[in-house]
Amino acid sequence: GIFYNKVNRFEESKKCLKEAIEIINYNYGDQSDKRFEFQYRLVRTQIKESPNEKYFGDYLDVMKFTIEKISLNLPFLNESEKKEFWDSRSKMFNHFYDYSINLSDSAKIYNVSGALYDLQLTTKSVLLNSMTKLRKDIERSNDYELKALFEKWTRKRNLYARATAMSIKEREVKLIDLDSLKNGINQIEKKLSVKSISFSRDTLSKSVSWRDIQSQLQPGEAAIELLKYKIPGKNLDDSICYAALIVTDQTPDNPKIVLFPNGNEMDAEDFKNY
């Protein structure tokens, strides 16, 4: 499927990728990394063949799953490991931003700007989350039950992250049930959130949407998220642009998108000064 995509034989590529997804679902389940890796390749192939808005929902689902997987692994890594882990996945987000912002006006029915704003909020929350300070706070505590619960939660989280990459047969051999494991993690998190304000604040972050941000704004205030994207079909030197997603009390339906085509100039001077 990957080869056929490279030579623009799209029907053959899509057929192979769909067959691969079916095989992965059968062997690994529908929540495995491998399944979403090939789902990502399939969406990219469909967009390459026909770059329109009808694939936005499928693409967004892949990105949400990617964020979920990142949130499982990233907080437990040190800074250099975080950078390596994020760098290996950031290209997916860049492709998604390129596709989404370049959609035609007809894509407004999918609330593209709102979905982009929410994804950006979630991504920043995950990237800024760190277990280092939380672990130190808990280690300094005299509550031995809290310490034991935190270590148990850490072990189960790591096991869950590894288990989602296992085949169904391997999980059966190791007597790992994903649903049961996830429920166990949720129960431990409830206990930890009662015993530790830091855990509740830093780990059990609620999903925040652009509408939540809007509800906190005063008249005349704005909340802005800035994304970098590329215009397809242009030379690299001319293709870098920025998009501002703007939320105010005057944007009732979707965040407003303002495009800045002078991306290279902004990178060279304006952002350096900022």
# chains A, B, ... in the order shown; residues from 1 in each chain; ligands from 1
call {"tool": "residues_around", "arguments": {"residues": "A:Gly184", "least_positions_apart": "3", "cutoff": "12 Å", "atoms": "only C-alpha atoms", "output": "PyMOL selection string"}}
result
chain A and resi 149+152-157+159-160+176-181+187-191
call {"tool": "select_by_dssp", "arguments": {"residues": "stretch 89-254 of chain A", "states": "alpha helix (DSSP H)", "output": "ChimeraX atom specification"}}
result
/A:89-101,112-128,131-139,144-163,168-173,178-195,197-202,210-215,236-239
call {"tool": "closest_residue", "arguments": {"among": "A:Asn142, A:Asn25, A:Thr164, A:Ser50", "to": "A:Glu68", "atoms": "only C-alpha atoms"}}
result
A:Thr164
call {"tool": "select_by_dssp", "arguments": {"residues": "stretch 1-242 of chain A", "states": "strand (DSSP E or B)", "output": "number ranges by chain"}}
result
A: 223-230, 240-242
call {"tool": "write_last_selection", "arguments": {"atoms": "N, CA and C atoms", "output": "PDB file, in the first residue's frame"}}
result
ATOM      1  N   ALA A 223      -8.685  35.179  22.765  1.00  0.00           N
ATOM      2  CA  ALA A 223      -7.754  34.076  23.018  1.00  0.00           C
ATOM      3  C   ALA A 223      -7.326  33.522  21.663  1.00  0.00           C
ATOM      4  N   ILE A 224      -6.019  33.490  21.426  1.00  0.00           N
ATOM      5  CA  ILE A 224      -5.500  33.169  20.095  1.00  0.00           C
ATOM      6  C   ILE A 224      -4.556  31.974  20.158  1.00  0.00           C
ATOM      7  N   GLU A 225      -4.757  31.039  19.252  1.00  0.00           N
ATOM      8  CA  GLU A 225      -3.828  29.938  19.038  1.00  0.00           C
ATOM      9  C   GLU A 225      -3.225  30.101  17.647  1.00  0.00           C
ATOM     10  N   LEU A 226      -1.910  29.938  17.548  1.00  0.00           N
ATOM     11  CA  LEU A 226      -1.208  30.162  16.284  1.00  0.00           C
ATOM     12  C   LEU A 226      -0.662  28.842  15.757  1.00  0.00           C
ATOM     13  N   LEU A 227      -0.955  28.524  14.500  1.00  0.00           N
ATOM     14  CA  LEU A 227      -0.509  27.297  13.863  1.00  0.00           C
ATOM     15  C   LEU A 227       0.303  27.605  12.615  1.00  0.00           C
ATOM     16  N   LYS A 228       1.335  26.794  12.393  1.00  0.00           N
ATOM     17  CA  LYS A 228       2.106  26.895  11.159  1.00  0.00           C
ATOM     18  C   LYS A 228       1.568  25.872  10.167  1.00  0.00           C
ATOM     19  N   TYR A 229       1.463  26.273   8.887  1.00  0.00           N
ATOM     20  CA  TYR A 229       1.014  25.332   7.862  1.00  0.00           C
ATOM     21  C   TYR A 229       1.685  25.671   6.534  1.00  0.00           C
ATOM     22  N   LYS A 230       1.508  24.766   5.564  1.00  0.00           N
ATOM     23  CA  LYS A 230       2.098  24.955   4.240  1.00  0.00           C
ATOM     24  C   LYS A 230       1.010  24.972   3.180  1.00  0.00           C
ATOM     25  N   ILE A 240       5.456  28.453   3.485  1.00  0.00           N
ATOM     26  CA  ILE A 240       5.249  28.539   4.926  1.00  0.00           C
ATOM     27  C   ILE A 240       4.303  29.693   5.255  1.00  0.00           C
ATOM     28  N   CYS A 241       3.238  29.370   5.984  1.00  0.00           N
ATOM     29  CA  CYS A 241       2.262  30.375   6.401  1.00  0.00           C
ATOM     30  C   CYS A 241       1.885  30.126   7.856  1.00  0.00           C
ATOM     31  N   TYR A 242       1.185  31.088   8.426  1.00  0.00           N
ATOM     32  CA  TYR A 242       0.656  30.917   9.773  1.00  0.00           C
ATOM     33  C   TYR A 242      -0.838  31.194   9.753  1.00  0.00           C
TER      34      TYR A 242
END
call {"tool": "residues_around", "arguments": {"residues": "A:Lys48", "least_positions_apart": "2", "cutoff": "9 Å", "atoms": "only C-alpha atoms", "output": "ChimeraX atom specification"}}
result
/A:5,8,10,43-46,50-51
call {"tool": "write_last_selection", "arguments": {"atoms": "N, CA and C atoms", "output": "PDB file, in the first residue's frame"}}
result
ATOM      1  N   ASN A   5       1.088   4.021  -3.092  1.00  0.00           N
ATOM      2  CA  ASN A   5       0.840   5.440  -2.826  1.00  0.00           C
ATOM      3  C   ASN A   5       1.927   6.309  -3.456  1.00  0.00           C
ATOM      4  N   ASN A   8       1.421   6.774  -7.036  1.00  0.00           N
ATOM      5  CA  ASN A   8       0.081   7.316  -7.363  1.00  0.00           C
ATOM      6  C   ASN A   8      -0.900   6.279  -7.910  1.00  0.00           C
ATOM      7  N   PHE A  10      -3.584   4.810  -6.554  1.00  0.00           N
ATOM      8  CA  PHE A  10      -4.341   5.022  -5.328  1.00  0.00           C
ATOM      9  C   PHE A  10      -5.317   3.890  -5.011  1.00  0.00           C
ATOM     10  N   VAL A  43      -5.821   7.492   5.256  1.00  0.00           N
ATOM     11  CA  VAL A  43      -6.383   8.843   5.126  1.00  0.00           C
ATOM     12  C   VAL A  43      -5.475   9.720   4.274  1.00  0.00           C
ATOM     13  N   ARG A  44      -4.173   9.612   4.491  1.00  0.00           N
ATOM     14  CA  ARG A  44      -3.225  10.405   3.702  1.00  0.00           C
ATOM     15  C   ARG A  44      -3.318  10.035   2.219  1.00  0.00           C
ATOM     16  N   THR A  45      -3.507   8.757   1.929  1.00  0.00           N
ATOM     17  CA  THR A  45      -3.643   8.317   0.539  1.00  0.00           C
ATOM     18  C   THR A  45      -4.915   8.880  -0.076  1.00  0.00           C
ATOM     19  N   GLN A  46      -6.015   8.832   0.673  1.00  0.00           N
ATOM     20  CA  GLN A  46      -7.288   9.357   0.180  1.00  0.00           C
ATOM     21  C   GLN A  46      -7.189  10.856  -0.105  1.00  0.00           C
ATOM     22  N   SER A  50      -7.638  12.815  -3.566  1.00  0.00           N
ATOM     23  CA  SER A  50      -8.732  13.779  -3.682  1.00  0.00           C
ATOM     24  C   SER A  50      -8.760  14.670  -2.439  1.00  0.00           C
ATOM     25  N   PRO A  51      -8.018  15.787  -2.467  1.00  0.00           N
ATOM     26  CA  PRO A  51      -7.876  16.626  -1.265  1.00  0.00           C
ATOM     27  C   PRO A  51      -9.116  17.469  -0.964  1.00  0.00           C
TER      28      PRO A  51
END
call {"tool": "residues_around", "arguments": {"residues": "A:Leu60", "least_positions_apart": "5", "cutoff": "9 Å", "atoms": "only C-alpha atoms", "output": "short mmCIF file (atom, residue, chain, number, x, y, z; two decimals) with N, CA, C and O atoms, in the first residue's frame"}}
result
data_model
loop_
_atom_site.label_atom_id
_atom_site.label_comp_id
_atom_site.auth_asym_id
_atom_site.auth_seq_id
_atom_site.Cartn_x
_atom_site.Cartn_y
_atom_site.Cartn_z
N TYR A 55 -12.73 13.80 4.26
CA TYR A 55 -11.88 12.94 5.07
C TYR A 55 -11.49 13.59 6.39
O TYR A 55 -10.72 13.01 7.17
N PHE A 65 -6.63 9.90 18.64
CA PHE A 65 -6.03 8.68 19.16
C PHE A 65 -4.54 8.89 19.41
O PHE A 65 -3.99 8.42 20.42
N PHE A 96 -1.66 17.28 9.29
CA PHE A 96 -3.07 17.52 9.59
C PHE A 96 -3.40 19.02 9.53
O PHE A 96 -4.43 19.41 8.98
N ALA A 115 -12.39 22.47 15.84
CA ALA A 115 -11.68 21.21 16.07
C ALA A 115 -10.17 21.44 16.17
O ALA A 115 -9.49 20.84 17.01
N LEU A 116 -9.64 22.33 15.32
CA LEU A 116 -8.21 22.65 15.37
C LEU A 116 -7.84 23.32 16.70
O LEU A 116 -6.81 23.02 17.30
N LEU A 119 -7.87 20.70 19.46
CA LEU A 119 -6.72 19.80 19.33
C LEU A 119 -5.45 20.49 19.81
O LEU A 119 -4.62 19.88 20.49
#
call {"tool": "residues_around", "arguments": {"residues": "A:Ser209", "least_positions_apart": "2", "cutoff": "12 Å", "atoms": "only C-alpha atoms", "output": "VMD selection string"}}
result
chain A and resid 113 to 123 125 206 to 207 211 to 216 223 247 254 to 255
call {"tool": "closest_residue", "arguments": {"among": "A:Ser13, A:Ile70, A:Phe38, A:Ile47", "to": "A:Asp98", "atoms": "only C-alpha atoms"}}
result
A:Ile47
call {"tool": "residues_around", "arguments": {"residues": "A:Arg9", "least_positions_apart": "6", "cutoff": "10 Å", "atoms": "only C-alpha atoms", "output": "PyMOL selection string"}}
result
chain A and resi 1-3+45+49
call {"tool": "write_last_selection", "arguments": {"atoms": "N, CA and C atoms", "output": "short mmCIF file (atom, residue, chain, number, x, y, z; two decimals), in the first residue's frame"}}
result
data_model
loop_
_atom_site.label_atom_id
_atom_site.label_comp_id
_atom_site.auth_asym_id
_atom_site.auth_seq_id
_atom_site.Cartn_x
_atom_site.Cartn_y
_atom_site.Cartn_z
N GLY A 1 0.80 -1.20 0.00
CA GLY A 1 0.00 0.00 0.00
C GLY A 1 0.84 1.26 0.00
N ILE A 2 1.93 1.24 0.73
CA ILE A 2 2.83 2.40 0.80
C ILE A 2 3.51 2.62 -0.55
N PHE A 3 3.95 1.53 -1.18
CA PHE A 3 4.60 1.65 -2.49
C PHE A 3 3.62 2.19 -3.53
N THR A 45 -3.51 8.76 1.93
CA THR A 45 -3.64 8.32 0.54
C THR A 45 -4.92 8.88 -0.08
N GLU A 49 -5.15 11.58 -3.21
CA GLU A 49 -5.93 11.31 -4.41
C GLU A 49 -6.98 12.39 -4.64
#
call {"tool": "atom_distance", "arguments": {"atom1": "atom CA of A:Lys83", "atom2": "atom CA of A:Lys133"}}
result
18.2 Å
call {"tool": "atom_distance", "arguments": {"atom1": "atom CA of A:Ser239", "atom2": "atom CA of A:His95"}}
result
13.3 Å
call {"tool": "closest_residue", "arguments": {"among": "A:Ile185, A:Tyr99, A:Leu192, A:Asn52", "to": "A:Asn158", "atoms": "only C-alpha atoms"}}
result
A:Ile185
call {"tool": "closest_residue", "arguments": {"among": "A:Met166, A:Ala222, A:Leu127, A:Ile197", "to": "A:Ser32", "atoms": "only C-alpha atoms"}}
result
A:Met166
call {"tool": "atom_distance", "arguments": {"atom1": "atom CA of A:Lys82", "atom2": "atom CA of A:Ser193"}}
result
25.2 Å
